[in-house]
$ cat model-v8.pdb   # PDB, C-alpha atoms
ATOM      1  CA  MET A 266     -36.973  -8.868  43.969  1.00  0.00           C
ATOM      2  CA  ARG A 267     -34.355  -6.139  43.733  1.00  0.00           C
ATOM      3  CA  LYS A 268     -31.755  -8.709  42.745  1.00  0.00           C
ATOM      4  CA  ALA A 269     -34.015 -10.038  39.997  1.00  0.00           C
ATOM      5  CA  ILE A 270     -34.583  -6.517  38.646  1.00  0.00           C
ATOM      6  CA  MET A 271     -30.827  -5.844  38.650  1.00  0.00           C
ATOM      7  CA  ILE A 272     -30.209  -9.071  36.741  1.00  0.00           C
ATOM      8  CA  ILE A 273     -32.852  -8.181  34.147  1.00  0.00           C
ATOM      9  CA  LEU A 274     -31.441  -4.652  33.720  1.00  0.00           C
ATOM     10  CA  PHE A 275     -27.911  -5.986  33.410  1.00  0.00           C
ATOM     11  CA  PHE A 276     -28.995  -8.592  30.851  1.00  0.00           C
ATOM     12  CA  SER A 277     -30.885  -5.960  28.828  1.00  0.00           C
ATOM     13  CA  PHE A 278     -27.892  -3.638  28.879  1.00  0.00           C
ATOM     14  CA  TYR A 279     -25.622  -6.479  27.801  1.00  0.00           C
ATOM     15  CA  MET A 280     -27.895  -7.360  24.877  1.00  0.00           C
ATOM     16  CA  VAL A 281     -28.034  -3.743  23.676  1.00  0.00           C
ATOM     17  CA  VAL A 282     -24.256  -3.354  23.831  1.00  0.00           C
ATOM     18  CA  PHE A 283     -23.754  -6.754  22.191  1.00  0.00           C
ATOM     19  CA  ASN A 284     -26.051  -5.867  19.319  1.00  0.00           C
ATOM     20  CA  ILE A 285     -24.176  -2.620  18.779  1.00  0.00           C
ATOM     21  CA  VAL A 286     -20.619  -3.928  18.861  1.00  0.00           C
ATOM     22  CA  SER A 287     -21.169  -7.434  17.491  1.00  0.00           C
ATOM     23  CA  PRO A 288     -19.894  -8.035  13.934  1.00  0.00           C
ATOM     24  CA  GLN A 289     -23.373  -9.318  13.111  1.00  0.00           C
ATOM     25  CA  SER A 290     -24.664  -5.761  13.506  1.00  0.00           C
ATOM     26  CA  SER A 291     -23.556  -5.228   9.914  1.00  0.00           C
ATOM     27  CA  SER A 292     -26.456  -7.460   8.887  1.00  0.00           C
ATOM     28  CA  ALA A 293     -28.975  -5.915   6.547  1.00  0.00           C
ATOM     29  CA  ALA A 294     -31.697  -6.796   9.061  1.00  0.00           C
ATOM     30  CA  LEU A 295     -30.951  -3.363  10.521  1.00  0.00           C
ATOM     31  CA  ILE A 296     -31.711  -1.517   7.298  1.00  0.00           C
ATOM     32  CA  ALA A 297     -35.111  -0.282   8.456  1.00  0.00           C
ATOM     33  CA  ASP A 298     -33.547   1.018  11.666  1.00  0.00           C
ATOM     34  CA  GLU A 299     -30.360   2.421  10.166  1.00  0.00           C
ATOM     35  CA  LEU A 300     -31.698   4.352   7.165  1.00  0.00           C
ATOM     36  CA  SER A 301     -34.392   6.981   6.989  1.00  0.00           C
ATOM     37  CA  LEU A 302     -36.521   5.632   4.134  1.00  0.00           C
ATOM     38  CA  THR A 303     -39.649   7.188   2.672  1.00  0.00           C
ATOM     39  CA  GLU A 304     -42.450   5.566   0.717  1.00  0.00           C
ATOM     40  CA  ILE A 305     -42.708   5.848  -3.072  1.00  0.00           C
ATOM     41  CA  ASP A 306     -46.110   5.716  -4.759  1.00  0.00           C
ATOM     42  CA  GLN A 307     -46.913   2.556  -6.669  1.00  0.00           C
ATOM     43  CA  GLU A 308     -46.860   4.191 -10.097  1.00  0.00           C
ATOM     44  CA  GLU A 309     -43.293   5.450  -9.627  1.00  0.00           C
ATOM     45  CA  GLN A 310     -42.234   2.068  -8.240  1.00  0.00           C
ATOM     46  CA  ASN A 311     -43.564   0.391 -11.392  1.00  0.00           C
ATOM     47  CA  GLU A 312     -41.676   2.854 -13.600  1.00  0.00           C
ATOM     48  CA  LEU A 313     -38.440   2.325 -11.672  1.00  0.00           C
ATOM     49  CA  TRP A 314     -38.798  -1.446 -11.790  1.00  0.00           C
ATOM     50  CA  LYS A 315     -39.318  -1.290 -15.537  1.00  0.00           C
ATOM     51  CA  ARG A 316     -36.250   0.932 -15.923  1.00  0.00           C
ATOM     52  CA  PHE A 317     -33.997  -1.552 -14.140  1.00  0.00           C
ATOM     53  CA  SER A 318     -35.087  -4.461 -16.389  1.00  0.00           C
ATOM     54  CA  PHE A 319     -34.444  -6.879 -13.511  1.00  0.00           C
ATOM     55  CA  GLN A 320     -34.591 -10.502 -14.617  1.00  0.00           C
ATOM     56  CA  LYS A 321     -33.300 -13.987 -13.943  1.00  0.00           C
ATOM     57  CA  THR A 322     -30.438 -15.041 -16.157  1.00  0.00           C
ATOM     58  CA  GLU A 323     -27.737 -17.652 -16.470  1.00  0.00           C
ATOM     59  CA  PHE A 324     -24.378 -16.294 -15.329  1.00  0.00           C
ATOM     60  CA  THR A 325     -21.772 -17.241 -17.910  1.00  0.00           C
ATOM     61  CA  ARG A 326     -19.613 -14.117 -18.014  1.00  0.00           C
ATOM     62  CA  THR A 327     -15.976 -14.096 -16.911  1.00  0.00           C
ATOM     63  CA  GLY A 328     -13.778 -11.314 -15.624  1.00  0.00           C
ATOM     64  CA  GLU A 329     -16.552  -9.739 -13.533  1.00  0.00           C
ATOM     65  CA  ALA A 330     -15.125  -7.897 -10.509  1.00  0.00           C
ATOM     66  CA  ILE A 331     -17.010  -7.617  -7.217  1.00  0.00           C
ATOM     67  CA  GLN A 332     -19.054  -4.484  -6.605  1.00  0.00           C
ATOM     68  CA  SER A 333     -20.752  -5.547  -3.347  1.00  0.00           C
ATOM     69  CA  PHE A 334     -21.517  -8.619  -1.222  1.00  0.00           C
ATOM     70  CA  ASP A 335     -23.186  -9.861   1.941  1.00  0.00           C
ATOM     71  CA  ALA A 336     -23.498 -13.152   3.828  1.00  0.00           C
ATOM     72  CA  SER A 337     -26.160 -14.775   5.971  1.00  0.00           C
ATOM     73  CA  GLU A 338     -26.044 -17.864   8.171  1.00  0.00           C
ATOM     74  CA  THR A 339     -29.300 -19.209   6.752  1.00  0.00           C
ATOM     75  CA  MET A 340     -29.472 -17.674   3.265  1.00  0.00           C
ATOM     76  CA  GLY A 341     -25.887 -17.974   2.007  1.00  0.00           C
ATOM     77  CA  VAL A 342     -23.987 -15.296   0.107  1.00  0.00           C
ATOM     78  CA  LEU A 343     -25.067 -12.434  -2.137  1.00  0.00           C
ATOM     79  CA  LEU A 344     -22.538 -11.123  -4.642  1.00  0.00           C
ATOM     80  CA  LEU A 345     -23.037  -8.197  -7.023  1.00  0.00           C
ATOM     81  CA  THR A 346     -20.578  -7.837  -9.894  1.00  0.00           C
ATOM     82  CA  THR A 347     -19.501  -4.649 -11.626  1.00  0.00           C
ATOM     83  CA  GLY A 348     -21.593  -5.711 -14.621  1.00  0.00           C
ATOM     84  CA  ASN A 349     -24.731  -5.731 -12.399  1.00  0.00           C
ATOM     85  CA  TYR A 350     -25.002  -9.497 -12.165  1.00  0.00           C
ATOM     86  CA  LEU A 351     -26.529 -10.468  -8.823  1.00  0.00           C
ATOM     87  CA  LEU A 352     -25.465 -13.931  -7.685  1.00  0.00           C
ATOM     88  CA  HIS A 353     -26.974 -15.926  -4.830  1.00  0.00           C
ATOM     89  CA  LEU A 354     -24.309 -18.419  -3.721  1.00  0.00           C
ATOM     90  CA  ASP A 355     -24.420 -21.285  -1.246  1.00  0.00           C
ATOM     91  CA  GLN A 356     -21.729 -21.809   1.394  1.00  0.00           C
ATOM     92  CA  GLU A 357     -19.537 -23.646  -1.135  1.00  0.00           C
ATOM     93  CA  GLY A 358     -19.727 -20.852  -3.698  1.00  0.00           C
ATOM     94  CA  ASN A 359     -22.163 -22.627  -6.034  1.00  0.00           C
ATOM     95  CA  ILE A 360     -24.705 -20.411  -7.786  1.00  0.00           C
ATOM     96  CA  VAL A 361     -28.244 -20.902  -6.464  1.00  0.00           C
ATOM     97  CA  GLU A 362     -29.840 -18.064  -8.455  1.00  0.00           C
ATOM     98  CA  SER A 363     -28.477 -15.417 -10.794  1.00  0.00           C
ATOM     99  CA  PHE A 364     -30.064 -12.167 -11.928  1.00  0.00           C
ATOM    100  CA  HIS A 365     -29.167  -9.144 -14.027  1.00  0.00           C
ATOM    101  CA  PHE A 366     -30.393  -5.549 -14.072  1.00  0.00           C
ATOM    102  CA  GLU A 367     -29.615  -2.343 -15.932  1.00  0.00           C
ATOM    103  CA  GLU A 368     -28.098   0.526 -13.950  1.00  0.00           C
ATOM    104  CA  PRO A 369     -25.358   2.941 -15.133  1.00  0.00           C
ATOM    105  CA  GLY A 370     -24.453   4.023 -11.591  1.00  0.00           C
ATOM    106  CA  THR A 371     -23.055   2.110  -8.633  1.00  0.00           C
ATOM    107  CA  ALA A 372     -25.151  -0.352  -6.645  1.00  0.00           C
ATOM    108  CA  GLY A 373     -24.831  -2.408  -3.481  1.00  0.00           C
ATOM    109  CA  VAL A 374     -26.507  -5.490  -2.054  1.00  0.00           C
ATOM    110  CA  ALA A 375     -27.407  -6.855   1.382  1.00  0.00           C
ATOM    111  CA  TRP A 376     -29.585  -9.421   3.056  1.00  0.00           C
ATOM    112  CA  ASP A 377     -32.661  -8.220   4.951  1.00  0.00           C
ATOM    113  CA  SER A 378     -33.635 -11.422   6.762  1.00  0.00           C
ATOM    114  CA  SER A 379     -34.580 -13.731   3.840  1.00  0.00           C
ATOM    115  CA  ASP A 380     -35.093 -10.834   1.409  1.00  0.00           C
ATOM    116  CA  ILE A 381     -32.574  -9.121  -0.872  1.00  0.00           C
ATOM    117  CA  CYS A 382     -31.973  -5.392  -0.670  1.00  0.00           C
ATOM    118  CA  LEU A 383     -30.472  -3.558  -3.620  1.00  0.00           C
ATOM    119  CA  PHE A 384     -28.984  -0.140  -2.904  1.00  0.00           C
ATOM    120  CA  ILE A 385     -29.115   2.079  -5.998  1.00  0.00           C
ATOM    121  CA  THR A 386     -26.855   5.100  -5.499  1.00  0.00           C
ATOM    122  CA  ARG A 387     -28.499   7.108  -8.261  1.00  0.00           C
ATOM    123  CA  GLY A 388     -31.678   8.373  -6.651  1.00  0.00           C
ATOM    124  CA  SER A 389     -30.771   6.905  -3.213  1.00  0.00           C
ATOM    125  CA  LEU A 390     -33.139   3.968  -3.750  1.00  0.00           C
ATOM    126  CA  VAL A 391     -33.516   0.765  -1.735  1.00  0.00           C
ATOM    127  CA  MET A 392     -35.246  -2.089  -3.567  1.00  0.00           C
ATOM    128  CA  LYS A 393     -36.445  -5.052  -1.525  1.00  0.00           C
ATOM    129  CA  LEU A 394     -36.769  -8.338  -3.420  1.00  0.00           C
ATOM    130  CA  SER A 395     -37.595 -11.886  -2.491  1.00  0.00           C
ATOM    131  CA  SER A 396     -34.788 -14.442  -2.778  1.00  0.00           C
ATOM    132  CA  GLN A 397     -36.444 -15.436  -6.081  1.00  0.00           C
ATOM    133  CA  GLY A 398     -36.029 -11.909  -7.468  1.00  0.00           C
ATOM    134  CA  GLU A 399     -39.637 -10.765  -7.096  1.00  0.00           C
ATOM    135  CA  LEU A 400     -40.100  -7.081  -6.256  1.00  0.00           C
ATOM    136  CA  LYS A 401     -41.645  -6.336  -2.854  1.00  0.00           C
ATOM    137  CA  GLU A 402     -41.141  -2.590  -2.568  1.00  0.00           C
ATOM    138  CA  ILE A 403     -38.927   0.348  -3.488  1.00  0.00           C
ATOM    139  CA  LYS A 404     -38.172   3.132  -1.028  1.00  0.00           C
ATOM    140  CA  ARG A 405     -36.003   6.247  -1.098  1.00  0.00           C
ATOM    141  CA  MET A 406     -33.557   7.530   1.480  1.00  0.00           C
ATOM    142  CA  ALA A 407     -34.908  10.896   2.666  1.00  0.00           C
ATOM    143  CA  ILE A 408     -31.911  12.256   4.571  1.00  0.00           C
ATOM    144  CA  LEU A 409     -28.692  12.629   2.586  1.00  0.00           C
ATOM    145  CA  ASP A 410     -26.324  14.081   5.185  1.00  0.00           C
ATOM    146  CA  TYR A 411     -22.823  12.771   5.950  1.00  0.00           C
ATOM    147  CA  ASP A 412     -23.867  10.414   8.769  1.00  0.00           C
ATOM    148  CA  MET A 413     -26.639   8.835   6.716  1.00  0.00           C
ATOM    149  CA  GLN A 414     -24.332   8.414   3.715  1.00  0.00           C
ATOM    150  CA  LYS A 415     -21.822   6.706   5.984  1.00  0.00           C
ATOM    151  CA  LYS A 416     -24.493   4.264   7.169  1.00  0.00           C
ATOM    152  CA  TRP A 417     -25.538   3.659   3.561  1.00  0.00           C
ATOM    153  CA  ASN A 418     -21.969   2.786   2.570  1.00  0.00           C
ATOM    154  CA  SER A 419     -21.466   0.525   5.600  1.00  0.00           C
ATOM    155  CA  LEU A 420     -24.511  -1.515   4.583  1.00  0.00           C
ATOM    156  CA  ALA A 421     -24.105  -1.487   0.809  1.00  0.00           C
ATOM    157  CA  PHE A 422     -20.342  -1.530   0.273  1.00  0.00           C
ATOM    158  CA  ARG A 423     -18.786  -3.528   3.099  1.00  0.00           C
ATOM    159  CA  LYS A 424     -15.377  -5.095   2.542  1.00  0.00           C
ATOM    160  CA  GLU A 425     -15.840  -7.637   5.346  1.00  0.00           C
ATOM    161  CA  THR A 426     -18.734  -9.131   7.276  1.00  0.00           C
ATOM    162  CA  HIS A 427     -19.041 -11.588  10.175  1.00  0.00           C
ATOM    163  CA  VAL A 428     -21.615 -14.358  10.444  1.00  0.00           C
ATOM    164  CA  GLY A 429     -21.306 -15.705  13.952  1.00  0.00           C
ATOM    165  CA  SER A 430     -17.558 -16.244  14.299  1.00  0.00           C
ATOM    166  CA  ASP A 431     -17.033 -16.886  10.583  1.00  0.00           C
ATOM    167  CA  ILE A 432     -15.588 -14.155   8.404  1.00  0.00           C
ATOM    168  CA  TYR A 433     -16.295 -13.224   4.787  1.00  0.00           C
ATOM    169  CA  TYR A 434     -14.165 -10.626   3.009  1.00  0.00           C
ATOM    170  CA  ILE A 435     -13.226  -9.457  -0.475  1.00  0.00           C
ATOM    171  CA  GLN A 436      -9.698  -8.980  -1.835  1.00  0.00           C
ATOM    172  CA  GLN A 437      -7.964  -6.962  -4.509  1.00  0.00           C
ATOM    173  CA  ALA A 438      -6.311 -10.101  -5.846  1.00  0.00           C
ATOM    174  CA  GLY A 439      -4.340 -10.284  -9.069  1.00  0.00           C
ATOM    175  CA  LEU A 440      -1.390  -8.431 -10.509  1.00  0.00           C
ATOM    176  CA  PHE A 441      -3.199  -5.218 -11.457  1.00  0.00           C
ATOM    177  CA  SER A 442      -6.242  -5.163  -9.155  1.00  0.00           C
ATOM    178  CA  HIS A 443      -4.483  -2.816  -6.720  1.00  0.00           C
ATOM    179  CA  LEU A 444      -3.896  -0.399  -9.579  1.00  0.00           C
ATOM    180  CA  ASN A 445      -7.463  -0.409 -10.908  1.00  0.00           C
ATOM    181  CA  GLY A 446      -9.024  -0.645  -7.424  1.00  0.00           C
ATOM    182  CA  LYS A 447     -11.197  -3.661  -8.277  1.00  0.00           C
ATOM    183  CA  PHE A 448     -12.042  -6.502  -5.895  1.00  0.00           C
ATOM    184  CA  THR A 449     -11.869  -9.860  -7.627  1.00  0.00           C
ATOM    185  CA  ARG A 450     -11.911 -12.496  -4.868  1.00  0.00           C
ATOM    186  CA  LEU A 451     -14.380 -13.424  -2.108  1.00  0.00           C
ATOM    187  CA  VAL A 452     -12.929 -15.438   0.780  1.00  0.00           C
ATOM    188  CA  TYR A 453     -14.647 -17.306   3.624  1.00  0.00           C
ATOM    189  CA  ILE A 454     -12.833 -18.164   6.882  1.00  0.00           C
ATOM    190  CA  ASP A 455     -14.288 -21.026   8.928  1.00  0.00           C
ATOM    191  CA  ALA A 456     -13.763 -19.991  12.558  1.00  0.00           C
ATOM    192  CA  ALA A 457     -14.034 -23.575  13.800  1.00  0.00           C
ATOM    193  CA  THR A 458     -11.055 -24.801  11.763  1.00  0.00           C
ATOM    194  CA  GLY A 459      -9.333 -21.586  10.687  1.00  0.00           C
ATOM    195  CA  ASP A 460      -9.444 -22.784   7.085  1.00  0.00           C
ATOM    196  CA  GLU A 461      -9.937 -20.313   4.239  1.00  0.00           C
ATOM    197  CA  TYR A 462     -12.139 -21.027   1.249  1.00  0.00           C
ATOM    198  CA  THR A 463     -12.377 -19.028  -1.956  1.00  0.00           C
ATOM    199  CA  LEU A 464     -16.028 -18.658  -2.967  1.00  0.00           C
ATOM    200  CA  TYR A 465     -15.486 -16.408  -6.003  1.00  0.00           C
ATOM    201  CA  ASP A 466     -12.264 -15.642  -7.854  1.00  0.00           C
ATOM    202  CA  GLU A 467     -11.764 -13.750 -11.105  1.00  0.00           C
ATOM    203  CA  SER A 468      -8.258 -12.470 -10.321  1.00  0.00           C
ATOM    204  CA  ASN A 469      -6.516 -14.515 -13.038  1.00  0.00           C
ATOM    205  CA  ILE A 470      -8.907 -13.417 -15.750  1.00  0.00           C
ATOM    206  CA  SER A 471      -8.721  -9.826 -14.506  1.00  0.00           C
ATOM    207  CA  THR A 472      -4.930  -9.972 -14.678  1.00  0.00           C
ATOM    208  CA  LYS A 473      -4.990 -11.439 -18.189  1.00  0.00           C
ATOM    209  CA  ARG A 474      -7.444  -8.767 -19.282  1.00  0.00           C
ATOM    210  CA  SER A 475      -5.232  -6.022 -17.811  1.00  0.00           C
ATOM    211  CA  ILE A 476      -2.197  -7.464 -19.567  1.00  0.00           C
ATOM    212  CA  GLY A 477      -4.213  -7.559 -22.777  1.00  0.00           C
ATOM    213  CA  TYR A 478      -5.103  -3.879 -22.386  1.00  0.00           C
ATOM    214  CA  ILE A 479      -1.429  -3.028 -21.751  1.00  0.00           C
ATOM    215  CA  LEU A 480      -0.304  -4.967 -24.827  1.00  0.00           C
ATOM    216  CA  LEU A 481      -3.020  -3.325 -26.902  1.00  0.00           C
ATOM    217  CA  GLY A 482      -1.917   0.103 -25.690  1.00  0.00           C
ATOM    218  CA  ALA A 483       1.716  -0.748 -26.438  1.00  0.00           C
ATOM    219  CA  ASN A 484       0.803  -1.898 -29.955  1.00  0.00           C
ATOM    220  CA  ILE A 485      -1.118   1.324 -30.553  1.00  0.00           C
ATOM    221  CA  LEU A 486       1.897   3.369 -29.432  1.00  0.00           C
ATOM    222  CA  VAL A 487       4.262   1.372 -31.676  1.00  0.00           C
ATOM    223  CA  VAL A 488       1.960   1.683 -34.692  1.00  0.00           C
ATOM    224  CA  SER A 489       1.487   5.414 -34.028  1.00  0.00           C
ATOM    225  CA  PHE A 490       5.270   5.851 -33.804  1.00  0.00           C
ATOM    226  CA  LEU A 491       5.829   3.958 -37.079  1.00  0.00           C
ATOM    227  CA  ILE A 492       3.134   5.982 -38.857  1.00  0.00           C
ATOM    228  CA  ALA A 493       4.597   9.259 -37.581  1.00  0.00           C
ATOM    229  CA  LYS A 494       8.093   8.165 -38.605  1.00  0.00           C
ATOM    230  CA  HIS A 495       6.869   7.141 -42.049  1.00  0.00           C
ATOM    231  CA  GLN A 496       5.118  10.493 -42.515  1.00  0.00           C
ATOM    232  CA  LYS A 497       8.234  12.335 -41.390  1.00  0.00           C
ATOM    233  CA  ASP A 498      10.456  10.343 -43.774  1.00  0.00           C
ATOM    234  CA  LEU A 499       7.970  10.918 -46.596  1.00  0.00           C
ATOM    235  CA  LEU A 500       7.901  14.669 -45.924  1.00  0.00           C
ATOM    236  CA  THR A 501      11.694  14.771 -45.812  1.00  0.00           C
ATOM    237  CA  LYS A 502      11.866  12.908 -49.128  1.00  0.00           C
ATOM    238  CA  VAL A 503       9.376  15.301 -50.741  1.00  0.00           C
ATOM    239  CA  LYS A 504      11.352  18.327 -49.544  1.00  0.00           C
ATOM    240  CA  ARG A 505      14.571  16.771 -50.805  1.00  0.00           C
ATOM    241  CA  ASN A 506      13.021  16.091 -54.244  1.00  0.00           C
ATOM    242  CA  VAL A 507      11.647  19.627 -54.424  1.00  0.00           C
ATOM    243  CA  GLY A 508      15.046  21.034 -53.467  1.00  0.00           C
ATOM    244  CA  GLN A 509      16.828  18.854 -55.971  1.00  0.00           C
ATOM    245  CA  GLY A 510      14.374  19.915 -58.699  1.00  0.00           C
ATOM    246  CA  THR A 511      15.049  23.577 -57.909  1.00  0.00           C
ATOM    247  CA  VAL A 512      18.814  23.031 -58.158  1.00  0.00           C
ATOM    248  CA  ASN A 513      18.498  21.200 -61.469  1.00  0.00           C
ATOM    249  CA  ALA A 514      16.279  23.929 -62.846  1.00  0.00           C
ATOM    250  CA  LYS A 515      18.789  26.610 -61.981  1.00  0.00           C
ATOM    251  CA  LYS A 516      21.572  24.649 -63.629  1.00  0.00           C
ATOM    252  CA  GLU A 517      19.548  24.335 -66.825  1.00  0.00           C
ATOM    253  CA  GLY A 518      18.501  27.980 -66.693  1.00  0.00           C
ATOM    254  CA  VAL A 519      14.917  27.009 -66.401  1.00  0.00           C
ATOM    255  CA  ARG A 520      12.643  28.806 -64.020  1.00  0.00           C
ATOM    256  CA  PRO A 521      11.270  26.283 -61.575  1.00  0.00           C
TER     257      PRO A 521
END
$ encode --input "model-v8.pdb" --output "structure tokens"
Amino acid sequence: MRKAIMIILFFSFYMVVFNIVSPQSSSAALIADELSLTEIDQEEQNELWKRFSFQKTEFTRTGEAIQSFDASETMGVLLLTTGNYLLHLDQEGNIVESFHFEEPGTAGVAWDSSDICLFITRGSLVMKLSSQGELKEIKRMAILDYDMQKKWNSLAFRKETHVGSDIYYIQQAGLFSHLNGKFTRLVYIDAATGDEYTLYDESNISTKRSIGYILLGANILVVSFLIAKHQKDLLTKVKRNVGQGTVNAKKEGVRP
């Protein structure tokens, strides 16, 4: 009997420690446990939902960097772009569903079992949606101290997550992504084979866009320099003509 109790206690302790240190502990299934969330009355929820203008849409934009992501063994991958496009991807990186919402501040995304959680930094809001984009509830984080903010960031803005032994992570790929701090590539590592697969990549377009901005800035500087030089030459010419007119007037005895 005592041996059985010791085995049960040891197994329970092992499971608690495993859940704490396992990479899967980053899963959004722990959102309810990790964050101190308070209820919001239905009227305010309706107003917030209307403000976000959340809707299904076809994702056709290019050059969208990654703002947040999460992965699930059963549900696939969630990816939120800097333009607030929320993409539900399968394990091959194909788009299953795509949504868009309006929000001027930063936002994060995570799976909560089969539901989607959107973390809205402005107002410390957590919106729970179905995988089809239907609103279930909106709650607010009540405690805003350092520890709670750290938990918020670990759930909403992870750079890497583990699903079983597989690894998903985002990269600052491209020539200028390290300078602008944007993540443009999502990579999946299959633990069974060690192979890496790119599920989302906008690094080339991001680089081209950055080069375009640099060339535009250079053109503006060149044009500004030419305009300034032209104005300077014109002013010099005017002063020279005025000076020459004064000299001619003195020679002719005419008061300028």
$ resolve_selection --input "model-v8.pdb" --expression "the PyMOL selection byres ((chain A and resi 453) around 6)" --output "PyMOL selection string"
chain A and resi 432-433+452+454+461-462
$ atom_distance --input "model-v8.pdb" --atom1 "atom CA of A:Thr463" --atom2 "atom CA of A:Val374"
19.6 Å
$ resolve_selection --input "model-v8.pdb" --expression "the PyMOL selection byres ((chain A and resi 353-364) around 9)" --output "PDB file with C-alpha atoms, in the coordinates of the input"
ATOM      1  CA  PHE A 319     -34.444  -6.879 -13.511  1.00  0.00           C
ATOM      2  CA  GLN A 320     -34.591 -10.502 -14.617  1.00  0.00           C
ATOM      3  CA  LYS A 321     -33.300 -13.987 -13.943  1.00  0.00           C
ATOM      4  CA  THR A 322     -30.438 -15.041 -16.157  1.00  0.00           C
ATOM      5  CA  GLU A 323     -27.737 -17.652 -16.470  1.00  0.00           C
ATOM      6  CA  PHE A 324     -24.378 -16.294 -15.329  1.00  0.00           C
ATOM      7  CA  GLU A 338     -26.044 -17.864   8.171  1.00  0.00           C
ATOM      8  CA  MET A 340     -29.472 -17.674   3.265  1.00  0.00           C
ATOM      9  CA  GLY A 341     -25.887 -17.974   2.007  1.00  0.00           C
ATOM     10  CA  VAL A 342     -23.987 -15.296   0.107  1.00  0.00           C
ATOM     11  CA  LEU A 343     -25.067 -12.434  -2.137  1.00  0.00           C
ATOM     12  CA  LEU A 344     -22.538 -11.123  -4.642  1.00  0.00           C
ATOM     13  CA  LEU A 345     -23.037  -8.197  -7.023  1.00  0.00           C
ATOM     14  CA  ASN A 349     -24.731  -5.731 -12.399  1.00  0.00           C
ATOM     15  CA  TYR A 350     -25.002  -9.497 -12.165  1.00  0.00           C
ATOM     16  CA  LEU A 351     -26.529 -10.468  -8.823  1.00  0.00           C
ATOM     17  CA  LEU A 352     -25.465 -13.931  -7.685  1.00  0.00           C
ATOM     18  CA  HIS A 365     -29.167  -9.144 -14.027  1.00  0.00           C
ATOM     19  CA  PHE A 366     -30.393  -5.549 -14.072  1.00  0.00           C
ATOM     20  CA  SER A 396     -34.788 -14.442  -2.778  1.00  0.00           C
ATOM     21  CA  GLN A 397     -36.444 -15.436  -6.081  1.00  0.00           C
ATOM     22  CA  GLY A 398     -36.029 -11.909  -7.468  1.00  0.00           C
ATOM     23  CA  TYR A 453     -14.647 -17.306   3.624  1.00  0.00           C
ATOM     24  CA  TYR A 462     -12.139 -21.027   1.249  1.00  0.00           C
ATOM     25  CA  THR A 463     -12.377 -19.028  -1.956  1.00  0.00           C
ATOM     26  CA  LEU A 464     -16.028 -18.658  -2.967  1.00  0.00           C
ATOM     27  CA  TYR A 465     -15.486 -16.408  -6.003  1.00  0.00           C
TER      28      TYR A 465
END
$ resolve_selection --input "model-v8.pdb" --expression "the PyMOL selection byres ((chain A and resi 448) around 8)" --output "list in words"
Ala330, Ile331, Gln332, Ile435, Gln436, Gln437, Ala438, Ser442, Gly446, Lys447, Thr449 and Arg450 of chain A
$ atom_distance --input "model-v8.pdb" --atom1 "atom CA of A:Ser318" --atom2 "atom CA of A:Asp306"
19.0 Å
$ closest_atom_pairs --input "model-v8.pdb" --of "stretch 352-374 of chain A" --to "stretch 401-424 of chain A" --cutoff "12 Å" --atoms "all atoms listed in the file" --output "CSV"
residue,atom,partner,partner_atom,distance
A:Thr371,CA,A:Phe422,CA,10.0
A:Ala372,CA,A:Ala421,CA,7.6
A:Gly373,CA,A:Ala421,CA,4.4
A:Val374,CA,A:Ala421,CA,5.5
$ atom_distance --input "model-v8.pdb" --atom1 "atom CA of A:Ile296" --atom2 "atom CA of A:Asp377"
7.2 Å
$ residues_around --input "model-v8.pdb" --residues "A:Thr339" --least-positions-apart "2" --cutoff "9 Å" --atoms "only C-alpha atoms" --output "VMD selection string"
chain A and resid 336 to 337 341 378 to 379
$ closest_residue --input "model-v8.pdb" --among "A:Ile305, A:Gly348, A:Lys502, A:Glu367" --to "A:Thr325" --atoms "all atoms listed in the file"
A:Gly348
$ closest_residue --input "model-v8.pdb" --among "A:Leu400, A:Asp335, A:Ile381, A:Thr346" --to "A:Lys315" --atoms "all atoms listed in the file"
A:Leu400
$ residues_around --input "model-v8.pdb" --residues "A:Ile385" --least-positions-apart "2" --cutoff "8 Å" --atoms "all atoms listed in the file" --output "list in words"
Gly370, Thr371, Ala372, Gly373, Leu383, Arg387, Gly388, Ser389, Leu390, Val391 and Met392 of chain A
$ closest_residue --input "model-v8.pdb" --among "A:Lys393, A:Ser430, A:Phe317, A:Thr327" --to "A:Pro369" --atoms "all atoms listed in the file"
A:Phe317
$ closest_residue --input "model-v8.pdb" --among "A:Phe334, A:Phe384, A:Ser468, A:Thr426" --to "A:Leu302" --atoms "all atoms listed in the file"
A:Phe384
